[in-house]
Structure formats: C-alpha cells, structure tokens
Amino acid sequence: LFGELTISSPTTLSIEAGTIIKFEYFSGNGYRRRLIVDGTLDAQGIESNHVVFTSNRDDSSGGDTNGDGGASSPAPGDWGYIKINSSNNLQYCTIKYGGKGYYYSGNHSEYYMLWVNNVQPAITISNCTFDRAFEKAIYYFDNQYQAMPVVQDNLIMNSPFGIYLIGNESTEANISGNEIINGNDVGINVHDISSVIINDNSVTGFGDGISVINGTAIISGNTLESCGSSIRLDDVNATITGNEILNSSSYPLNHINNVDASYSGNTITGSLK
C-alpha cells in the first residue's frame with residue numbers, strides 16, 4: 001500500500017482470508033502510510049488463516065515484496081495505522097510493525113497501530129494478533145457515545161502499550177481473555193469510564209499490568225506476572241477478585257488518590273515490595 005487509502009461511506013472493502021497487505025516503509029516528513037475506514041472493512045480472516053497487515057520490509061509474511069534481497073528489516077513504526085471511524089468489528093487479523101502516524105523534523109504524533117475513533121455502536125476486537133507497535137497496539141477512543149466496546153481473546157506482543165482505552169461517563173467496556181506480553185509501559189490502560197470489566201487476561205512484563213483511572217472497575221481472574229505495579233488504581237471504585245500476581249518489581253497493588261476497593265481471593269507471590 002503506497003500512500004493513504006480511505007474506505008469512504010458507504011463503500012465496503014472485502015479482504016479474503018490469507019490476504020497480506022503491506023504498507024510501504026516511508027522515512028520522510030509527513031504521514032506514514034495509513035488505512036482510514038469511514039465505510040466498512042470486511043476482513044474475512046479465520047482462526048487458521050488471518051488477514052495480515054504489515055510492513056513491506058517484513059519478509060516473514062509474503063516474502064521479499066520490496067525486492068531488496070533481505071537487506072532491510074522491519075521495525076515498529078514502519079507504517080502508520082488503521083483508523084476506524086465507523087462501526088466495524090475486527091477479528092482474525094494480524095497487525096504488525098505499525099503505529100507511527102506522523103513525523104516532521106524529529107517530532108512524532110499519533111502513535112497508534114489500530115485506532116478506533118468514536119464509533120457507535122461500539123465495536124468488538126477479537127482473536128487478533130498485534131506485534132511490535134511503535135507505542136499503542138490498540139487505541140480505543142470514545143468521548144462521545146454511550147458505547148460498550150469489547151476487546152477479547154487477542155494476542156498482543158512486543159508493544160509498549162497493549163490496550164489503551166479512553167471513554168466517558170457512559171462508556172461500559174469489557175476487556176477479557178487477552179494475552180499481553182513484553183512491553184515496557186502498561187498492558188491494559190483504561191481512563192475515564194463509567195464501568196469496565198477486566199477479566200481472565202494474562203499480562204506479562206510491563207511497567208504496570210492493569211491501570212484504571214477515573215471510573216468503576218471489576219478486575220477478576222487475571223494473571224499478572226513480572227510487572228512493576230500489577231494493578232494501579234487512581235480515582236476508582238473497584239472490586240478485585242481471584243487475580244494471581246507474580247514477581248512484581250514494585251507495589252503489586254498501587255492506590256493513588258481516591259480509591260474505594262474491595263479485595264478477595266487474590267494471590268501475591270514473589271513481589272519485591
């Protein structure tokens with residue numbers, strides 16, 4: 001994909017299972033290569049055969065399509081992002097090496113590999129793989145609607161932030177069954193939300209495992225391993241049950257400002273504080 005592709009409303013772009021879409025690596029000033037969805041993105045991946053979005057320097061998917069004989073290697077931020085501005089569920093996709101949206105004279109912005117932007121009804125992101133985002137693998141932004149976003153059963157790897165969700169006083173989200181490994185900031189980061197259920201996720205190797213700021217949260221059945229603060233709460237009413245916390249390098253449970261939390265059935269092992 002050279003340049004920017006916009007799927008306009010009411011257009012539908014259907015992509016068959018097994019299709020590999022490569023975004024051209026671009027190192028100059030301006031926007032990186034992007035896919036903007038104002039209509040319908042019908043990605044028809046299945047469990048055994050995902051639709052793949054990646055860099056044209058990624059020879060592991062579809063071979064040496066940039067024709068340099070393997071002289072280049074892919075890196076996080078090779079391309080921009082997929083931005084979804086309309087109601088499109090996404091499942092059985094693999095998205096790699098994106099997340100650097102704009103660059104000019106050393107300044108970067110729009111660090112999202114998958115960006116969901118104020119859609120109604122809310123969408124479900126499920127059974128996808130995200131690998132090597134420049135910063136945020138999934139960025140879900142909803143400050144307008146009474147929406148119920150669902151992010152479930154995804155594999156997220158090697159990205160500073162796994163799931164980053166910003167809502168509003170009527171947003172009710174469900175984040176469940178995800179495996180999120182090997183980042184350096186926050187595995188699951190939720191801001192400004194009416195309520196969120198965070199359950200049965202596995203988060204390994206982050207500065208914070210789960211962070212919730214401003215809202216109500218049910219956090220249950222998660223496994224949090226080798227994180228700094230495994231659960232970090234700031235201005236939150238929370239029910240925290242049945243979580244397993246292993247080898248935190250900082251405080252496994254971290255309360256900041258106004259926190260009203262109840263705990264039951266959690267286990268903490270091997271934490272340094």
# chains A, B, ... in the order shown; residues from 1 in each chain; ligands from 1
>>> residues_around(residues="A:Thr40", least_positions_apart="4", cutoff="8 Å", atoms="only C-alpha atoms", output="PyMOL selection string")
chain A and resi 7+9-13+86-88
>>> select_by_dssp(residues="stretch 16-55 of chain A", states="strand (DSSP E)", output="NGL selection string")
:A and (16 or 20-23 or 30-31 or 34-37 or 40-44 or 51-55)
>>> residues_around(residues="A:Tyr102", least_positions_apart="3", cutoff="6 Å", atoms="only C-alpha atoms", output="CSV table (one decimal) with N, CA, C and O atoms, in the first residue's frame")
chain,number,residue,atom,x,y,z
A,30,GLY,N,6.0,13.9,7.2
A,30,GLY,CA,4.6,13.8,6.8
A,30,GLY,C,4.0,12.5,7.4
A,30,GLY,O,4.6,11.8,8.3
A,31,TYR,N,2.8,12.2,6.9
A,31,TYR,CA,2.1,11.0,7.4
A,31,TYR,C,2.7,9.7,6.9
A,31,TYR,O,3.1,9.6,5.7
A,32,ARG,N,2.8,8.7,7.8
A,32,ARG,CA,3.2,7.4,7.3
A,32,ARG,C,2.0,6.8,6.6
A,32,ARG,O,0.9,7.3,6.5
A,108,HIS,N,7.1,13.3,16.4
A,108,HIS,CA,6.2,12.3,16.1
A,108,HIS,C,4.9,12.5,16.7
A,108,HIS,O,4.8,13.2,17.8
A,109,SER,N,3.8,12.0,16.2
A,109,SER,CA,2.5,12.0,16.8
A,109,SER,C,1.6,10.9,16.3
A,109,SER,O,2.0,10.2,15.3
>>> decode(residues="stretch 120-262 of chain A", atoms="C-alpha atoms", output="JSON list (two decimals), in the first residue's frame")
[["chain", "number", "residue", "atom", "x", "y", "z"],
["A", 120, "GLN", "CA", -21.43, 3.94, 17.52],
["A", 121, "PRO", "CA", -22.41, 1.23, 18.01],
["A", 122, "ALA", "CA", -19.17, 0.19, 19.64],
["A", 123, "ILE", "CA", -17.08, -2.50, 18.02],
["A", 124, "THR", "CA", -15.61, -5.82, 19.09],
["A", 125, "ILE", "CA", -11.92, -6.56, 18.52],
["A", 126, "SER", "CA", -11.34, -10.28, 18.97],
["A", 127, "ASN", "CA", -8.99, -13.13, 18.08],
["A", 128, "CYS", "CA", -6.42, -10.82, 16.52],
["A", 129, "THR", "CA", -2.64, -10.71, 16.88],
["A", 130, "PHE", "CA", -0.80, -7.42, 17.37],
["A", 131, "ASP", "CA", 3.00, -7.38, 17.27],
["A", 132, "ARG", "CA", 5.65, -4.68, 17.54],
["A", 133, "ALA", "CA", 3.60, -1.50, 17.60],
["A", 134, "PHE", "CA", 5.65, 1.69, 17.90],
["A", 135, "GLU", "CA", 3.65, 2.64, 21.01],
["A", 136, "LYS", "CA", -0.04, 1.68, 21.42],
["A", 137, "ALA", "CA", -1.13, -1.59, 19.82],
["A", 138, "ILE", "CA", -4.88, -0.90, 20.33],
["A", 139, "TYR", "CA", -6.08, 2.65, 20.98],
["A", 140, "TYR", "CA", -9.83, 2.87, 21.55],
["A", 141, "PHE", "CA", -11.06, 6.45, 21.92],
["A", 142, "ASP", "CA", -14.69, 7.20, 22.76],
["A", 143, "ASN", "CA", -15.50, 10.50, 24.42],
["A", 144, "GLN", "CA", -18.91, 10.97, 22.75],
["A", 145, "TYR", "CA", -21.19, 7.94, 22.85],
["A", 146, "GLN", "CA", -22.88, 5.59, 25.29],
["A", 147, "ALA", "CA", -20.84, 2.72, 23.94],
["A", 148, "MET", "CA", -19.93, -0.81, 25.03],
["A", 149, "PRO", "CA", -16.59, -1.70, 23.42],
["A", 150, "VAL", "CA", -15.32, -5.27, 23.68],
["A", 151, "VAL", "CA", -11.67, -6.29, 23.37],
["A", 152, "GLN", "CA", -11.31, -10.03, 23.88],
["A", 153, "ASP", "CA", -9.17, -13.08, 23.11],
["A", 154, "ASN", "CA", -6.37, -11.17, 21.38],
["A", 155, "LEU", "CA", -2.61, -11.78, 21.48],
["A", 156, "ILE", "CA", -0.58, -8.57, 21.88],
["A", 157, "MET", "CA", 3.21, -8.73, 21.88],
["A", 158, "ASN", "CA", 6.29, -6.51, 21.99],
["A", 159, "SER", "CA", 4.44, -3.19, 22.21],
["A", 160, "PRO", "CA", 4.92, -0.50, 24.91],
["A", 161, "PHE", "CA", 1.14, -0.28, 25.49],
["A", 162, "GLY", "CA", -1.16, -3.22, 24.83],
["A", 163, "ILE", "CA", -4.74, -1.94, 25.16],
["A", 164, "TYR", "CA", -5.31, 1.78, 25.74],
["A", 165, "LEU", "CA", -8.94, 2.82, 26.17],
["A", 166, "ILE", "CA", -10.27, 6.31, 26.84],
["A", 167, "GLY", "CA", -14.02, 6.53, 27.42],
["A", 168, "ASN", "CA", -16.55, 8.85, 29.01],
["A", 169, "GLU", "CA", -19.07, 8.81, 31.85],
["A", 170, "SER", "CA", -21.39, 6.45, 29.93],
["A", 171, "THR", "CA", -18.84, 4.02, 28.41],
["A", 172, "GLU", "CA", -19.12, 0.41, 29.58],
["A", 173, "ALA", "CA", -16.24, -1.77, 28.37],
["A", 174, "ASN", "CA", -15.29, -5.42, 28.52],
["A", 175, "ILE", "CA", -11.64, -6.43, 28.23],
["A", 176, "SER", "CA", -11.28, -10.18, 28.63],
["A", 177, "GLY", "CA", -9.26, -13.21, 27.64],
["A", 178, "ASN", "CA", -6.34, -11.31, 26.14],
["A", 179, "GLU", "CA", -2.69, -12.37, 26.36],
["A", 180, "ILE", "CA", -0.42, -9.33, 26.51],
["A", 181, "ILE", "CA", 3.32, -9.86, 26.75],
["A", 182, "ASN", "CA", 6.60, -8.00, 26.67],
["A", 183, "GLY", "CA", 6.04, -4.24, 26.83],
["A", 184, "ASN", "CA", 7.57, -1.50, 28.96],
["A", 185, "ASP", "CA", 4.64, 0.78, 29.82],
["A", 186, "VAL", "CA", 1.10, -0.53, 30.54],
["A", 187, "GLY", "CA", -0.55, -3.76, 29.48],
["A", 188, "ILE", "CA", -4.18, -2.62, 29.94],
["A", 189, "ASN", "CA", -4.73, 1.12, 30.43],
["A", 190, "VAL", "CA", -8.28, 2.46, 30.95],
["A", 191, "HIS", "CA", -9.19, 6.14, 31.50],
["A", 192, "ASP", "CA", -12.42, 7.98, 32.24],
["A", 193, "ILE", "CA", -15.06, 5.29, 32.06],
["A", 194, "SER", "CA", -18.43, 4.54, 33.61],
["A", 195, "SER", "CA", -17.55, 0.88, 34.14],
["A", 196, "VAL", "CA", -15.10, -1.69, 32.87],
["A", 197, "ILE", "CA", -14.86, -5.45, 33.34],
["A", 198, "ILE", "CA", -11.27, -6.67, 33.09],
["A", 199, "ASN", "CA", -11.20, -10.42, 33.49],
["A", 200, "ASP", "CA", -9.25, -13.53, 32.56],
["A", 201, "ASN", "CA", -6.39, -11.65, 30.92],
["A", 202, "SER", "CA", -2.72, -12.60, 31.13],
["A", 203, "VAL", "CA", -0.28, -9.67, 31.29],
["A", 204, "THR", "CA", 3.47, -10.25, 31.48],
["A", 205, "GLY", "CA", 6.43, -7.89, 31.51],
["A", 206, "PHE", "CA", 5.05, -4.34, 31.77],
["A", 207, "GLY", "CA", 5.69, -1.28, 33.93],
["A", 208, "ASP", "CA", 2.04, -1.50, 35.07],
["A", 209, "GLY", "CA", -0.04, -4.58, 34.36],
["A", 210, "ILE", "CA", -3.51, -3.04, 34.68],
["A", 211, "SER", "CA", -4.10, 0.68, 35.23],
["A", 212, "VAL", "CA", -7.54, 2.25, 35.69],
["A", 213, "ILE", "CA", -8.00, 6.00, 36.13],
["A", 214, "ASN", "CA", -11.40, 7.52, 36.97],
["A", 215, "GLY", "CA", -14.30, 5.10, 36.90],
["A", 216, "THR", "CA", -15.68, 1.82, 38.23],
["A", 217, "ALA", "CA", -13.87, -1.45, 37.60],
["A", 218, "ILE", "CA", -14.33, -5.17, 38.16],
["A", 219, "ILE", "CA", -10.92, -6.81, 37.89],
["A", 220, "SER", "CA", -11.07, -10.58, 38.23],
["A", 221, "GLY", "CA", -9.31, -13.77, 37.27],
["A", 222, "ASN", "CA", -6.30, -12.10, 35.69],
["A", 223, "THR", "CA", -2.71, -13.35, 35.82],
["A", 224, "LEU", "CA", -0.17, -10.54, 36.15],
["A", 225, "GLU", "CA", 3.49, -11.54, 36.05],
["A", 226, "SER", "CA", 6.77, -9.61, 36.16],
["A", 227, "CYS", "CA", 5.14, -6.19, 36.08],
["A", 228, "GLY", "CA", 6.08, -3.14, 38.14],
["A", 229, "SER", "CA", 2.75, -2.30, 39.78],
["A", 230, "SER", "CA", 0.47, -5.16, 38.77],
["A", 231, "ILE", "CA", -2.78, -3.29, 39.48],
["A", 232, "ARG", "CA", -2.72, 0.51, 39.65],
["A", 233, "LEU", "CA", -5.86, 2.45, 40.60],
["A", 234, "ASP", "CA", -6.43, 6.21, 40.59],
["A", 235, "ASP", "CA", -9.83, 7.70, 41.50],
["A", 236, "VAL", "CA", -11.59, 4.36, 41.08],
["A", 237, "ASN", "CA", -14.28, 2.23, 42.73],
["A", 238, "ALA", "CA", -13.06, -1.33, 42.22],
["A", 239, "THR", "CA", -13.87, -4.94, 43.01],
["A", 240, "ILE", "CA", -10.74, -7.06, 42.70],
["A", 241, "THR", "CA", -11.15, -10.82, 42.99],
["A", 242, "GLY", "CA", -9.32, -14.00, 42.11],
["A", 243, "ASN", "CA", -6.27, -12.45, 40.47],
["A", 244, "GLU", "CA", -2.82, -14.06, 40.54],
["A", 245, "ILE", "CA", 0.08, -11.63, 40.89],
["A", 246, "LEU", "CA", 3.62, -12.92, 40.41],
["A", 247, "ASN", "CA", 7.01, -11.25, 40.79],
["A", 248, "SER", "CA", 6.05, -7.58, 40.84],
["A", 249, "SER", "CA", 9.13, -5.35, 40.92],
["A", 250, "SER", "CA", 7.22, -2.52, 42.64],
["A", 251, "TYR", "CA", 4.00, -2.41, 44.67],
["A", 252, "PRO", "CA", 1.73, -5.19, 43.39],
["A", 253, "LEU", "CA", -1.36, -3.16, 44.36],
["A", 254, "ASN", "CA", -0.98, 0.59, 43.98],
["A", 255, "HIS", "CA", -3.65, 3.09, 45.10],
["A", 256, "ILE", "CA", -3.40, 6.75, 44.08],
["A", 257, "ASN", "CA", -5.82, 9.49, 45.16],
["A", 258, "ASN", "CA", -9.47, 8.47, 45.76],
["A", 259, "VAL", "CA", -9.72, 4.68, 45.66],
["A", 260, "ASP", "CA", -12.53, 2.57, 47.12],
["A", 261, "ALA", "CA", -11.55, -1.05, 46.52],
["A", 262, "SER", "CA", -12.61, -4.43, 47.86]]
